[in-house]
$ cat query-v1.txt   # compact mmCIF, C-alpha atoms
# COMPACT_ATOMS: atom_id res chain seq x y z
CA MET T 1 -17.54 37.67 -6.46
CA ALA T 2 -15.35 35.04 -4.81
CA THR T 3 -17.29 33.18 -2.12
CA ILE T 4 -20.38 33.95 -0.06
CA SER T 5 -21.22 32.04 3.09
CA LEU T 6 -24.95 31.38 3.24
CA LYS T 7 -24.61 29.32 6.42
CA SER T 8 -21.75 28.73 8.84
CA GLY T 9 -21.15 26.77 12.02
CA LYS T 10 -19.12 27.40 15.14
CA PRO T 11 -16.09 29.66 14.72
CA ALA T 12 -12.69 27.96 14.69
CA HIS T 13 -11.67 29.13 18.17
CA GLU T 14 -14.74 27.53 19.74
CA ARG T 15 -14.00 24.25 17.97
CA ALA T 16 -10.43 24.37 19.32
CA GLU T 17 -11.75 24.89 22.84
CA ASP T 18 -13.92 21.80 22.50
CA ASP T 19 -10.88 19.77 21.45
CA SER T 20 -8.72 20.93 24.37
CA LYS T 21 -11.18 19.69 26.99
CA VAL T 22 -10.30 16.03 26.47
CA ARG T 23 -6.50 16.27 26.64
CA ALA T 24 -5.98 16.20 30.40
CA THR T 25 -8.47 13.37 30.83
CA VAL T 26 -6.75 11.24 28.23
CA GLU T 27 -3.28 11.93 29.63
CA ALA T 28 -4.33 10.88 33.13
CA ILE T 29 -6.00 7.69 31.94
CA LEU T 30 -3.02 6.62 29.82
CA LYS T 31 -0.69 7.21 32.75
CA ASP T 32 -2.96 5.10 34.95
CA ILE T 33 -2.96 2.25 32.42
CA GLU T 34 0.81 2.40 32.14
CA THR T 35 1.18 2.33 35.93
CA ARG T 36 -1.47 -0.18 36.99
CA GLY T 37 -2.00 -2.24 33.83
CA ASP T 38 -4.88 -4.71 33.90
CA THR T 39 -6.28 -3.29 37.16
CA ALA T 40 -6.71 0.14 35.60
CA VAL T 41 -8.15 -1.33 32.40
CA ARG T 42 -10.72 -3.34 34.33
CA GLU T 43 -11.79 -0.32 36.41
CA LEU T 44 -12.14 1.81 33.28
CA ALA T 45 -14.16 -0.86 31.47
CA LEU T 46 -16.50 -1.11 34.43
CA LYS T 47 -16.81 2.67 34.70
CA PHE T 48 -17.40 3.48 31.04
CA ASP T 49 -18.92 0.28 29.64
CA LYS T 50 -20.26 -1.42 32.78
CA TYR T 51 -18.48 -4.53 31.57
CA ALA T 52 -15.90 -6.59 33.46
CA PRO T 53 -15.75 -10.25 32.34
CA PRO T 54 -13.18 -12.72 33.67
CA ALA T 55 -11.06 -11.98 30.58
CA PHE T 56 -11.41 -9.32 27.91
CA ARG T 57 -9.86 -11.49 25.21
CA LEU T 58 -12.37 -13.77 23.52
CA THR T 59 -11.60 -17.46 23.36
CA GLN T 60 -12.09 -19.41 20.16
CA SER T 61 -15.36 -20.85 21.48
CA GLU T 62 -16.60 -17.37 22.44
CA ILE T 63 -15.75 -16.12 18.95
CA GLU T 64 -17.65 -19.02 17.39
CA ALA T 65 -20.63 -18.37 19.68
CA ALA T 66 -20.72 -14.69 18.71
CA VAL T 67 -20.42 -15.46 14.99
CA ALA T 68 -23.26 -17.99 15.27
CA LYS T 69 -25.59 -15.16 16.36
CA VAL T 70 -25.14 -13.32 13.06
CA GLY T 71 -28.03 -13.86 10.67
CA ARG T 72 -27.50 -15.48 7.29
CA ARG T 73 -28.19 -12.32 5.26
CA ASP T 74 -25.95 -10.20 7.50
CA MET T 75 -23.15 -12.74 7.16
CA GLU T 76 -23.54 -12.76 3.38
CA ASP T 77 -23.37 -8.97 3.35
CA ILE T 78 -20.23 -8.96 5.51
CA ARG T 79 -18.57 -11.50 3.23
CA PHE T 80 -19.52 -9.50 0.13
CA ALA T 81 -18.11 -6.27 1.58
CA GLN T 82 -14.90 -8.00 2.63
CA ALA T 83 -14.49 -9.50 -0.83
CA GLN T 84 -14.61 -6.02 -2.39
CA ILE T 85 -12.22 -4.53 0.16
CA ARG T 86 -9.82 -7.47 -0.08
CA ARG T 87 -9.75 -7.27 -3.88
CA PHE T 88 -8.83 -3.59 -3.90
CA ALA T 89 -6.33 -3.95 -1.05
CA GLN T 90 -4.66 -6.86 -2.85
CA ALA T 91 -4.37 -4.78 -6.02
CA GLN T 92 -2.72 -2.05 -3.98
CA ARG T 93 -0.36 -4.57 -2.39
CA ASP T 94 0.55 -5.99 -5.79
CA SER T 95 1.49 -2.49 -6.97
CA MET T 96 4.19 -2.26 -4.30
CA ARG T 97 7.28 -4.02 -5.54
CA ASP T 98 10.58 -4.77 -3.90
CA VAL T 99 13.39 -3.08 -5.83
CA GLU T 100 17.00 -4.05 -6.54
CA ILE T 101 19.27 -2.30 -9.06
CA GLU T 102 22.99 -2.19 -9.84
CA THR T 103 23.84 1.52 -9.90
CA VAL T 104 27.48 1.07 -10.96
CA PRO T 105 29.19 -2.26 -11.63
CA GLY T 106 29.45 -4.07 -8.32
CA VAL T 107 27.19 -1.74 -6.30
CA ILE T 108 23.72 -3.13 -5.58
CA LEU T 109 20.96 -1.07 -3.95
CA GLY T 110 17.47 -2.15 -3.10
CA HIS T 111 14.47 -1.92 -0.83
CA ARG T 112 12.08 -4.39 0.71
CA ASN T 113 8.48 -3.80 1.80
CA ILE T 114 8.21 -5.42 5.22
CA PRO T 115 4.95 -5.66 7.22
CA VAL T 116 4.65 -4.01 10.60
CA GLN T 117 4.97 -6.93 13.02
CA SER T 118 1.98 -6.18 15.25
CA VAL T 119 -1.02 -3.91 14.82
CA GLY T 120 -3.85 -2.93 17.14
CA CYS T 121 -7.11 -2.29 15.27
CA TYR T 122 -9.72 -0.31 17.15
CA VAL T 123 -13.35 -0.65 16.04
CA PRO T 124 -15.83 1.88 17.49
CA GLY T 125 -19.03 0.50 18.90
CA GLY T 126 -20.73 3.20 20.95
CA LYS T 127 -23.63 5.07 19.37
CA PHE T 128 -23.17 3.09 16.13
CA PRO T 129 -21.41 -0.32 16.05
CA MET T 130 -18.95 0.24 13.21
CA VAL T 131 -18.83 -3.21 11.65
CA ALA T 132 -17.23 -1.81 8.50
CA SER T 133 -14.26 -0.46 10.44
CA ALA T 134 -13.20 -4.02 11.17
CA HIS T 135 -12.96 -4.69 7.43
CA MET T 136 -10.96 -1.53 6.83
CA SER T 137 -8.32 -2.16 9.48
CA VAL T 138 -8.16 -5.89 10.23
CA LEU T 139 -8.64 -7.16 6.69
CA THR T 140 -6.28 -4.61 5.15
CA ALA T 141 -3.58 -5.48 7.70
CA SER T 142 -4.10 -9.14 6.84
CA VAL T 143 -3.62 -8.47 3.12
CA ALA T 144 -0.41 -6.62 4.01
CA GLY T 145 0.86 -9.73 5.81
CA VAL T 146 0.96 -8.39 9.38
CA PRO T 147 1.80 -11.46 11.51
CA ARG T 148 -0.03 -10.31 14.68
CA ILE T 149 -3.32 -8.46 14.32
CA VAL T 150 -5.05 -7.45 17.55
CA ALA T 151 -8.62 -6.18 17.29
CA SER T 152 -10.70 -4.51 19.97
CA ALA T 153 -14.22 -3.12 20.18
CA PRO T 154 -16.39 -2.12 23.13
CA PRO T 155 -19.30 -4.26 24.28
CA VAL T 156 -22.74 -3.40 22.96
CA ASN T 157 -25.64 -3.97 25.35
CA GLY T 158 -23.30 -5.71 27.75
CA GLU T 159 -21.81 -8.28 25.39
CA PRO T 160 -19.56 -8.62 22.36
CA HIS T 161 -21.29 -7.32 19.24
CA PRO T 162 -21.77 -10.44 17.07
CA ALA T 163 -21.38 -8.75 13.68
CA ILE T 164 -18.24 -6.87 14.76
CA VAL T 165 -16.71 -10.08 16.10
CA ALA T 166 -17.60 -11.86 12.87
CA ALA T 167 -16.02 -9.11 10.77
CA MET T 168 -12.85 -9.16 12.89
CA HIS T 169 -12.64 -12.94 12.74
CA LEU T 170 -13.30 -13.23 9.00
CA GLY T 171 -10.92 -10.34 8.36
CA GLY T 172 -8.01 -12.21 9.93
CA ALA T 173 -7.66 -10.99 13.53
CA HIS T 174 -5.38 -13.15 15.66
CA GLU T 175 -6.58 -11.74 19.00
CA ILE T 176 -10.01 -10.21 19.68
CA TYR T 177 -10.72 -8.13 22.80
CA VAL T 178 -13.96 -6.66 24.08
CA LEU T 179 -12.61 -3.30 25.22
CA GLY T 180 -13.58 0.20 24.26
CA GLY T 181 -12.31 3.75 24.32
CA ILE T 182 -9.07 4.97 25.84
CA GLN T 183 -8.63 1.73 27.78
CA ALA T 184 -8.57 -0.26 24.55
CA VAL T 185 -6.03 1.79 22.62
CA GLY T 186 -4.00 2.41 25.78
CA ALA T 187 -3.81 -1.29 26.63
CA MET T 188 -2.88 -2.26 23.07
CA ALA T 189 -0.18 0.41 22.79
CA LEU T 190 1.29 0.30 26.30
CA GLY T 191 0.68 -3.33 27.13
CA THR T 192 -0.55 -4.85 30.37
CA GLU T 193 0.04 -8.07 32.26
CA THR T 194 -2.25 -9.91 29.83
CA ILE T 195 -1.98 -7.88 26.62
CA ARG T 196 1.30 -7.71 24.73
CA PRO T 197 1.88 -4.23 23.28
CA VAL T 198 1.61 -3.63 19.55
CA ASP T 199 3.80 -1.63 17.21
CA MET T 200 1.02 0.36 15.54
CA LEU T 201 -2.53 1.56 16.25
CA VAL T 202 -5.15 2.05 13.54
CA GLY T 203 -8.86 2.74 13.31
CA PRO T 204 -11.30 5.57 13.97
CA GLY T 205 -12.91 6.51 17.27
CA ASN T 206 -14.44 9.33 19.27
CA ALA T 207 -12.58 12.43 20.42
CA TYR T 208 -11.03 10.57 23.36
CA VAL T 209 -9.75 7.71 21.21
CA ALA T 210 -8.34 10.18 18.66
CA GLU T 211 -6.57 12.13 21.41
CA ALA T 212 -5.22 8.92 22.95
CA LYS T 213 -3.73 7.93 19.61
CA ARG T 214 -2.21 11.39 19.27
CA GLN T 215 -0.58 11.15 22.69
CA LEU T 216 0.65 7.60 22.04
CA PHE T 217 2.18 8.47 18.67
CA GLY T 218 5.91 7.97 18.88
CA ARG T 219 5.67 5.09 21.29
CA VAL T 220 3.70 3.35 18.56
CA GLY T 221 2.90 4.22 14.99
CA ILE T 222 -0.59 5.33 14.06
CA ASP T 223 -2.49 5.42 10.81
CA LEU T 224 -3.32 9.14 10.97
CA PHE T 225 -4.55 11.89 13.27
CA ALA T 226 -8.30 11.54 13.00
CA GLY T 227 -11.01 13.94 14.01
CA PRO T 228 -14.78 13.83 13.55
CA THR T 229 -15.95 12.68 10.14
CA GLU T 230 -16.30 15.41 7.51
CA THR T 231 -18.28 15.55 4.29
CA MET T 232 -18.26 18.08 1.49
CA VAL T 233 -20.63 18.20 -1.45
CA ILE T 234 -19.42 20.05 -4.54
CA ALA T 235 -22.43 20.58 -6.79
CA ASP T 236 -23.73 22.67 -9.63
CA ASP T 237 -27.21 22.89 -11.11
CA THR T 238 -26.98 19.42 -12.66
CA VAL T 239 -28.28 17.94 -9.38
CA ASP T 240 -31.11 18.78 -7.00
CA ALA T 241 -31.44 19.79 -3.37
CA GLU T 242 -32.79 16.44 -2.18
CA LEU T 243 -29.64 14.65 -3.33
CA CYS T 244 -27.35 17.27 -1.78
CA ALA T 245 -29.22 17.41 1.54
CA THR T 246 -29.31 13.62 1.79
CA ASP T 247 -25.56 13.34 1.24
CA LEU T 248 -24.84 16.06 3.81
CA LEU T 249 -27.06 14.59 6.54
CA GLY T 250 -25.91 11.06 5.77
CA GLN T 251 -22.56 11.94 7.30
CA ALA T 252 -23.71 14.58 9.81
CA GLU T 253 -25.45 11.80 11.74
CA HIS T 254 -22.05 10.34 12.75
CA GLY T 255 -21.79 12.59 15.80
CA TYR T 256 -22.62 15.96 17.28
CA ASN T 257 -19.56 17.57 15.74
CA SER T 258 -19.36 16.19 12.19
CA PRO T 259 -18.72 19.00 9.68
CA ALA T 260 -20.88 19.02 6.54
CA CYS T 261 -20.30 21.57 3.80
CA LEU T 262 -22.00 22.38 0.49
CA LEU T 263 -19.96 24.19 -2.16
CA THR T 264 -22.02 25.29 -5.13
CA THR T 265 -22.14 27.77 -7.98
CA SER T 266 -25.95 27.86 -7.81
CA ARG T 267 -27.65 30.16 -5.32
CA LYS T 268 -30.94 28.42 -6.08
CA LEU T 269 -29.45 25.01 -5.21
CA ALA T 270 -27.84 26.42 -2.05
CA GLU T 271 -31.06 27.92 -0.72
CA GLU T 272 -33.15 24.88 -1.66
CA THR T 273 -30.63 22.55 0.00
CA ILE T 274 -30.84 24.51 3.27
CA ARG T 275 -34.62 24.16 3.20
CA GLU T 276 -34.40 20.48 2.25
CA VAL T 277 -32.04 19.78 5.15
CA GLU T 278 -34.57 21.26 7.56
CA ARG T 279 -37.34 19.15 6.00
CA LEU T 280 -35.33 15.93 6.25
CA LEU T 281 -34.36 16.64 9.86
CA LYS T 282 -38.04 16.41 10.77
CA ILE T 283 -38.23 12.78 9.62
CA LEU T 284 -34.66 11.44 10.00
CA PRO T 285 -34.47 8.93 12.90
CA THR T 286 -30.97 10.18 13.75
CA ALA T 287 -32.04 13.81 13.58
CA GLU T 288 -30.96 14.66 17.11
CA THR T 289 -27.33 13.99 16.22
CA ALA T 290 -27.44 15.22 12.63
CA ALA T 291 -29.22 18.45 13.59
CA ALA T 292 -26.55 19.33 16.16
CA SER T 293 -23.79 18.77 13.60
CA TRP T 294 -25.61 20.78 10.97
CA ARG T 295 -26.32 23.62 13.41
CA ASP T 296 -22.77 23.89 14.77
CA TYR T 297 -20.64 22.50 11.94
CA GLY T 298 -22.69 22.96 8.77
CA ASP T 299 -21.58 25.33 6.02
CA VAL T 300 -23.09 26.41 2.72
CA ILE T 301 -20.69 28.35 0.51
CA LEU T 302 -21.66 29.97 -2.79
CA CYS T 303 -18.82 30.30 -5.33
CA ASP T 304 -18.71 32.16 -8.63
CA SER T 305 -17.06 29.42 -10.69
CA HIS T 306 -15.82 25.85 -10.73
CA GLU T 307 -12.27 27.18 -10.40
CA GLU T 308 -13.26 28.93 -7.19
CA MET T 309 -14.98 25.82 -5.83
CA LEU T 310 -11.81 23.86 -6.60
CA ARG T 311 -9.67 26.40 -4.75
CA VAL T 312 -11.91 26.40 -1.67
CA ALA T 313 -12.22 22.61 -1.64
CA ASN T 314 -8.45 22.12 -1.80
CA GLU T 315 -7.98 24.66 0.97
CA MET T 316 -10.56 23.05 3.26
CA ALA T 317 -9.21 19.55 2.48
CA TYR T 318 -12.25 17.65 3.77
CA GLU T 319 -12.31 13.93 4.46
CA HIS T 320 -15.13 12.93 2.07
CA VAL T 321 -15.67 15.01 -1.05
CA GLN T 322 -18.78 14.20 -3.08
CA VAL T 323 -18.55 15.77 -6.56
CA MET T 324 -21.75 16.09 -8.59
CA THR T 325 -21.16 18.46 -11.49
CA ASP T 326 -20.95 18.61 -15.27
CA ARG T 327 -17.16 18.10 -15.03
CA ASP T 328 -16.47 15.47 -12.36
CA ASP T 329 -13.31 14.16 -14.04
CA TRP T 330 -11.92 17.70 -14.09
CA TYR T 331 -12.13 17.70 -10.29
CA LEU T 332 -10.47 14.28 -10.18
CA ALA T 333 -7.58 15.66 -12.25
CA ASN T 334 -7.22 18.86 -10.23
CA MET T 335 -8.12 18.08 -6.63
CA HIS T 336 -5.00 17.53 -4.54
CA SER T 337 -6.04 17.81 -0.87
CA TYR T 338 -8.82 15.52 0.39
CA GLY T 339 -9.45 12.15 2.00
CA ALA T 340 -11.40 10.40 -0.74
CA LEU T 341 -13.36 11.54 -3.79
CA PHE T 342 -16.84 10.29 -4.68
CA LEU T 343 -17.52 11.19 -8.28
CA GLY T 344 -20.96 11.53 -9.81
CA ALA T 345 -24.53 11.40 -8.57
CA ARG T 346 -24.55 7.58 -8.72
CA THR T 347 -21.71 7.44 -6.19
CA ASN T 348 -22.05 8.19 -2.48
CA VAL T 349 -19.99 8.29 0.67
CA ALA T 350 -22.02 5.59 2.43
CA ASN T 351 -21.03 3.01 -0.20
CA GLY T 352 -17.41 4.03 0.31
CA ASP T 353 -17.83 3.69 4.06
CA LYS T 354 -19.33 0.23 3.94
CA VAL T 355 -18.89 -1.85 0.83
CA ILE T 356 -17.49 -0.50 -2.43
CA GLY T 357 -13.90 -1.53 -1.65
CA THR T 358 -11.87 1.58 -0.86
CA ASN T 359 -10.79 2.23 2.72
CA HIS T 360 -12.95 4.49 4.86
CA THR T 361 -10.32 5.48 7.44
CA LEU T 362 -9.38 8.87 5.99
CA PRO T 363 -7.59 12.10 6.95
CA THR T 364 -9.63 14.84 8.61
CA ARG T 365 -8.91 18.36 9.85
CA ARG T 366 -7.06 19.31 6.67
CA ALA T 367 -4.61 16.42 7.03
CA GLY T 368 -5.40 15.52 3.43
CA ARG T 369 -2.88 18.23 2.54
CA TYR T 370 -0.04 15.91 3.58
CA THR T 371 -1.35 12.35 3.86
CA GLY T 372 -3.76 9.94 2.30
CA GLY T 373 -5.97 7.53 4.19
CA LEU T 374 -5.43 4.06 5.56
CA TRP T 375 -4.43 1.54 2.90
CA VAL T 376 -2.41 -1.62 2.65
CA GLY T 377 0.79 0.42 2.29
CA LYS T 378 0.35 1.92 5.77
CA PHE T 379 1.04 -1.51 7.22
CA LEU T 380 4.25 -1.90 5.22
CA LYS T 381 7.64 -0.35 5.99
CA THR T 382 9.96 0.25 3.05
CA HIS T 383 13.52 -0.55 4.14
CA SER T 384 16.54 0.04 1.94
CA TYR T 385 19.68 -2.08 1.75
CA GLN T 386 22.98 -1.90 -0.08
CA LYS T 387 25.87 -4.22 -0.85
CA VAL T 388 29.15 -3.86 -2.69
CA VAL T 389 30.27 -7.10 -4.35
CA ASP T 390 33.31 -5.97 -6.36
CA ASP T 391 36.75 -4.76 -5.19
CA ARG T 392 36.93 -1.99 -7.80
CA ALA T 393 33.48 -0.76 -6.81
CA ALA T 394 34.46 -0.71 -3.12
CA ALA T 395 37.52 1.41 -3.93
CA LEU T 396 35.63 3.74 -6.30
CA ILE T 397 32.74 4.46 -3.93
CA GLY T 398 35.23 4.65 -1.04
CA GLU T 399 37.22 7.40 -2.74
CA TYR T 400 34.17 9.54 -3.37
CA GLY T 401 32.82 8.82 0.11
CA SER T 402 36.11 9.73 1.78
CA ARG T 403 36.35 13.11 0.10
CA LEU T 404 32.71 13.94 0.76
CA CYS T 405 33.10 13.03 4.44
CA MET T 406 36.15 15.28 4.77
CA LEU T 407 34.21 18.07 3.06
CA GLU T 408 31.93 18.01 6.08
CA GLY T 409 34.69 17.48 8.62
CA PHE T 410 33.81 13.91 9.55
CA VAL T 411 37.22 12.28 9.87
CA GLY T 412 35.90 9.06 11.41
CA HIS T 413 33.38 8.74 8.62
CA ALA T 414 36.15 9.23 6.07
CA GLU T 415 38.22 6.48 7.64
CA GLN T 416 35.35 4.00 7.15
CA CYS T 417 35.75 4.72 3.43
CA ASN T 418 39.57 4.84 3.48
CA ILE T 419 39.99 1.40 4.99
CA ARG T 420 37.99 -0.04 2.09
CA VAL T 421 40.11 1.89 -0.40
CA ARG T 422 43.28 0.45 1.18
CA ARG T 423 41.99 -3.11 1.41
CA TYR T 424 40.20 -3.39 -1.89
CA GLY T 425 41.90 -0.77 -4.05
CA GLY T 426 45.51 -1.28 -3.04
CA LYS T 427 45.96 2.41 -2.18
CA ASN T 428 47.90 3.68 0.81
CA VAL T 429 45.59 6.33 2.27
CA PRO T 430 46.92 7.79 5.56
CA TYR T 431 44.53 7.68 8.52
CA GLY T 432 42.50 10.87 8.67
CA ALA T 433 43.20 11.90 5.08
CA ALA T 434 40.81 11.91 2.18
CA ALA T 435 41.33 9.38 -0.58
CA THR T 436 42.56 10.99 -3.78
$ encode --input "query-v1.txt" --output "structure tokens"
Amino acid sequence: MATISLKSGKPAHERAEDDSKVRATVEAILKDIETRGDTAVRELALKFDKYAPPAFRLTQSEIEAAVAKVGRRDMEDIRFAQAQIRRFAQAQRDSMRDVEIETVPGVILGHRNIPVQSVGCYVPGGKFPMVASAHMSVLTASVAGVPRIVASAPPVNGEPHPAIVAAMHLGGAHEIYVLGGIQAVGAMALGTETIRPVDMLVGPGNAYVAEAKRQLFGRVGIDLFAGPTETMVIADDTVDAELCATDLLGQAEHGYNSPACLLTTSRKLAEETIREVERLLKILPTAETAAASWRDYGDVILCDSHEEMLRVANEMAYEHVQVMTDRDDWYLANMHSYGALFLGARTNVANGDKVIGTNHTLPTRRAGRYTGGLWVGKFLKTHSYQKVVDDRAAALIGEYGSRLCMLEGFVGHAEQCNIRVRRYGGKNVPYGAAAT
């Protein structure tokens, strides 16, 4: 036996059809923003959010007024979460060192880690105001030293969401806008009469925001191509169905298309988890959303061994992978394609999303095969430099460079090397000839 599917969701071709439906809409809206600037943004905000204030950027007094609405306990919780995230981000930043070495006498090579100069951080606020997303993007960019951090989130109930504004402000945002959806990321990336464009866009969002980021990539940098949140539970008979079902539905409630998958070696656990999911859906306040995700995007896969679960998990490369087995560290050592790992029954994805300190903006749709998630290093560009400080080194490198250029037929390239050989090595190298 290899794998047996006890439950599956929509086939892949139907999921692809769902994705394609938003492309033309996004393309038209971005073109409109680029053409008409603030006028288009205002019309879109009124259409989608029924919100059109005199200015979308919050003033300092408006920020202070919003922050003042946040309760004491909520503010303490936000500060605690940001302290954990800042501590881990700072440790990551400290691990990234500038480098300078002398490869041969007189030849110095190095690199510098330079922050992106401006970043637009989008914070979703539709069905669920994603306060934690402000920590993950704004605060992490601040730790990286980004000199201009622009943050934007849609209004909630017709006004700025106080806790989101507080998280943006405490995280280090320099500009805060109350804008949502395509109009937010489009305005930040393309610029308008009142919003200077940024160099990079980060942060999660719905299908339209994700598609807008995809279409804007190249004009600006992005953190990653993000789809709906995904969760995978890898479990054996060391845990029970209630734990597995809770962890699956805890992420399925994100949206109507959030994949949730159980991989297990235990048929008993698989069947009990399916029943437990149905039981929990009868009492879960967000059941309408979670049930749709489970129906259309839920999978239960029975494997014959841990090795087979590992193979399937690496192939599926899900965003969140919750491992609850008798060999969690074995999975840590052998998993290579995922967004983030959550090891052991005491750990859970929700803590990673909100407070534990790691970043929750993670690769989806198998992107974990080639990229990790958002982290302080995403906001840093590693730029190399070189300098030759010795005449003998200039001549030596020039001789090798000249011959290697001629090997490829680049005469002009070779002459860049030859002129250094003549000036610093005292050799008479004819124009267009390789140094010998």
$ closest_residue --input "query-v1.txt" --among "T:Ser137, T:Pro160, T:Glu62, T:Ile195" --to "Glu34 in chain T" --atoms "only C-alpha atoms"
T:Ile195
$ atom_distance --input "query-v1.txt" --atom1 "CA of Tyr177 in chain T" --atom2 "CA of Pro154 in chain T"
8.3 Å
$ atom_distance --input "query-v1.txt" --atom1 "CA of Met232 in chain T" --atom2 "CA of Leu262 in chain T"
5.8 Å
$ atom_distance --input "query-v1.txt" --atom1 "CA of Asp237 in chain T" --atom2 "CA of Thr325 in chain T"
7.5 Å
$ residues_around --input "query-v1.txt" --residues "range 277-289 of chain T" --least-positions-apart "6" --cutoff "10 Å" --atoms "all atoms listed in the file" --output "list in words"
Ala241, Glu242, Cys244, Ala245, Thr246, Asp247, Leu248, Leu249, Gly250, Ala252, Glu253, His254, Gly255, Tyr256, Asn257 and Ser258 of chain T
$ closest_residue --input "query-v1.txt" --among "T:Leu362, T:Leu243, T:Ala270, T:Val119" --to "Leu224 in chain T" --atoms "all atoms listed in the file"
T:Leu362
$ residues_around --input "query-v1.txt" --residues "Asp296 in chain T" --least-positions-apart "4" --cutoff "10 Å" --atoms "only C-alpha atoms" --output "tab-separated table (two decimals) with C-alpha atoms, in the frame of the given file"
chain	number	residue	atom	x	y	z
T	8	SER	CA	-21.75	28.73	8.84
T	9	GLY	CA	-21.15	26.77	12.02
T	10	LYS	CA	-19.12	27.40	15.14
T	11	PRO	CA	-16.09	29.66	14.72
T	15	ARG	CA	-14.00	24.25	17.97
T	256	TYR	CA	-22.62	15.96	17.28
T	257	ASN	CA	-19.56	17.57	15.74
T	258	SER	CA	-19.36	16.19	12.19
T	259	PRO	CA	-18.72	19.00	9.68
T	260	ALA	CA	-20.88	19.02	6.54
T	291	ALA	CA	-29.22	18.45	13.59
T	292	ALA	CA	-26.55	19.33	16.16
$ closest_residue --input "query-v1.txt" --among "T:Pro155, T:Tyr51, T:Ala163, T:Asn359" --to "Val70 in chain T" --atoms "all atoms listed in the file"
T:Ala163
$ residues_around --input "query-v1.txt" --residues "range 204-221 of chain T" --least-positions-apart "3" --cutoff "7 Å" --atoms "all atoms listed in the file" --output "PyMOL selection string"
chain T and resi 22-23+26+122-124+181-182+189+199-201+225-227+361
$ write_last_selection --input "query-v1.txt" --atoms "C-alpha atoms" --output "tab-separated table (two decimals), in the frame of the given file"
chain	number	residue	atom	x	y	z
T	22	VAL	CA	-10.30	16.03	26.47
T	23	ARG	CA	-6.50	16.27	26.64
T	26	VAL	CA	-6.75	11.24	28.23
T	122	TYR	CA	-9.72	-0.31	17.15
T	123	VAL	CA	-13.35	-0.65	16.04
T	124	PRO	CA	-15.83	1.88	17.49
T	181	GLY	CA	-12.31	3.75	24.32
T	182	ILE	CA	-9.07	4.97	25.84
T	189	ALA	CA	-0.18	0.41	22.79
T	199	ASP	CA	3.80	-1.63	17.21
T	200	MET	CA	1.02	0.36	15.54
T	201	LEU	CA	-2.53	1.56	16.25
T	225	PHE	CA	-4.55	11.89	13.27
T	226	ALA	CA	-8.30	11.54	13.00
T	227	GLY	CA	-11.01	13.94	14.01
T	361	THR	CA	-10.32	5.48	7.44
$ residues_near_point --input "query-v1.txt" --point "(-21.5, 5.8, 3.0)" --cutoff "10 Å" --atoms "all atoms listed in the file" --output "list in words"
Asp247, Gly250, Gln251, His320, Thr347, Asn348, Val349, Ala350, Asn351, Gly352, Asp353, Lys354, Val355, Ile356 and His360 of chain T
$ closest_residue --input "query-v1.txt" --among "T:Ala235, T:Ala345, T:His161, T:Gly377" --to "Ala313 in chain T" --atoms "only C-alpha atoms"
T:Ala235
$ residues_around --input "query-v1.txt" --residues "range 100-109 of chain T" --least-positions-apart "5" --cutoff "9 Å" --atoms "only C-alpha atoms" --output "ChimeraX atom specification"
/T:384-394,397
$ write_last_selection --input "query-v1.txt" --atoms "C-alpha atoms" --output "PDB file, in the frame of the given file"
ATOM      1  CA  SER T 384      16.540   0.040   1.940  1.00  0.00           C
ATOM      2  CA  TYR T 385      19.680  -2.080   1.750  1.00  0.00           C
ATOM      3  CA  GLN T 386      22.980  -1.900  -0.080  1.00  0.00           C
ATOM      4  CA  LYS T 387      25.870  -4.220  -0.850  1.00  0.00           C
ATOM      5  CA  VAL T 388      29.150  -3.860  -2.690  1.00  0.00           C
ATOM      6  CA  VAL T 389      30.270  -7.100  -4.350  1.00  0.00           C
ATOM      7  CA  ASP T 390      33.310  -5.970  -6.360  1.00  0.00           C
ATOM      8  CA  ASP T 391      36.750  -4.760  -5.190  1.00  0.00           C
ATOM      9  CA  ARG T 392      36.930  -1.990  -7.800  1.00  0.00           C
ATOM     10  CA  ALA T 393      33.480  -0.760  -6.810  1.00  0.00           C
ATOM     11  CA  ALA T 394      34.460  -0.710  -3.120  1.00  0.00           C
ATOM     12  CA  ILE T 397      32.740   4.460  -3.930  1.00  0.00           C
TER      13      ILE T 397
END
$ residues_around --input "query-v1.txt" --residues "Asn418 in chain T" --least-positions-apart "2" --cutoff "8 Å" --atoms "all atoms listed in the file" --output "PyMOL selection string"
chain T and resi 398-399+402+414-416+420-422+429+431+434-435
$ write_last_selection --input "query-v1.txt" --atoms "C-alpha atoms" --output "PDB file, keeping the file's coordinate frame"
ATOM      1  CA  GLY T 398      35.230   4.650  -1.040  1.00  0.00           C
ATOM      2  CA  GLU T 399      37.220   7.400  -2.740  1.00  0.00           C
ATOM      3  CA  SER T 402      36.110   9.730   1.780  1.00  0.00           C
ATOM      4  CA  ALA T 414      36.150   9.230   6.070  1.00  0.00           C
ATOM      5  CA  GLU T 415      38.220   6.480   7.640  1.00  0.00           C
ATOM      6  CA  GLN T 416      35.350   4.000   7.150  1.00  0.00           C
ATOM      7  CA  ARG T 420      37.990  -0.040   2.090  1.00  0.00           C
ATOM      8  CA  VAL T 421      40.110   1.890  -0.400  1.00  0.00           C
ATOM      9  CA  ARG T 422      43.280   0.450   1.180  1.00  0.00           C
ATOM     10  CA  VAL T 429      45.590   6.330   2.270  1.00  0.00           C
ATOM     11  CA  TYR T 431      44.530   7.680   8.520  1.00  0.00           C
ATOM     12  CA  ALA T 434      40.810  11.910   2.180  1.00  0.00           C
ATOM     13  CA  ALA T 435      41.330   9.380  -0.580  1.00  0.00           C
TER      14      ALA T 435
END
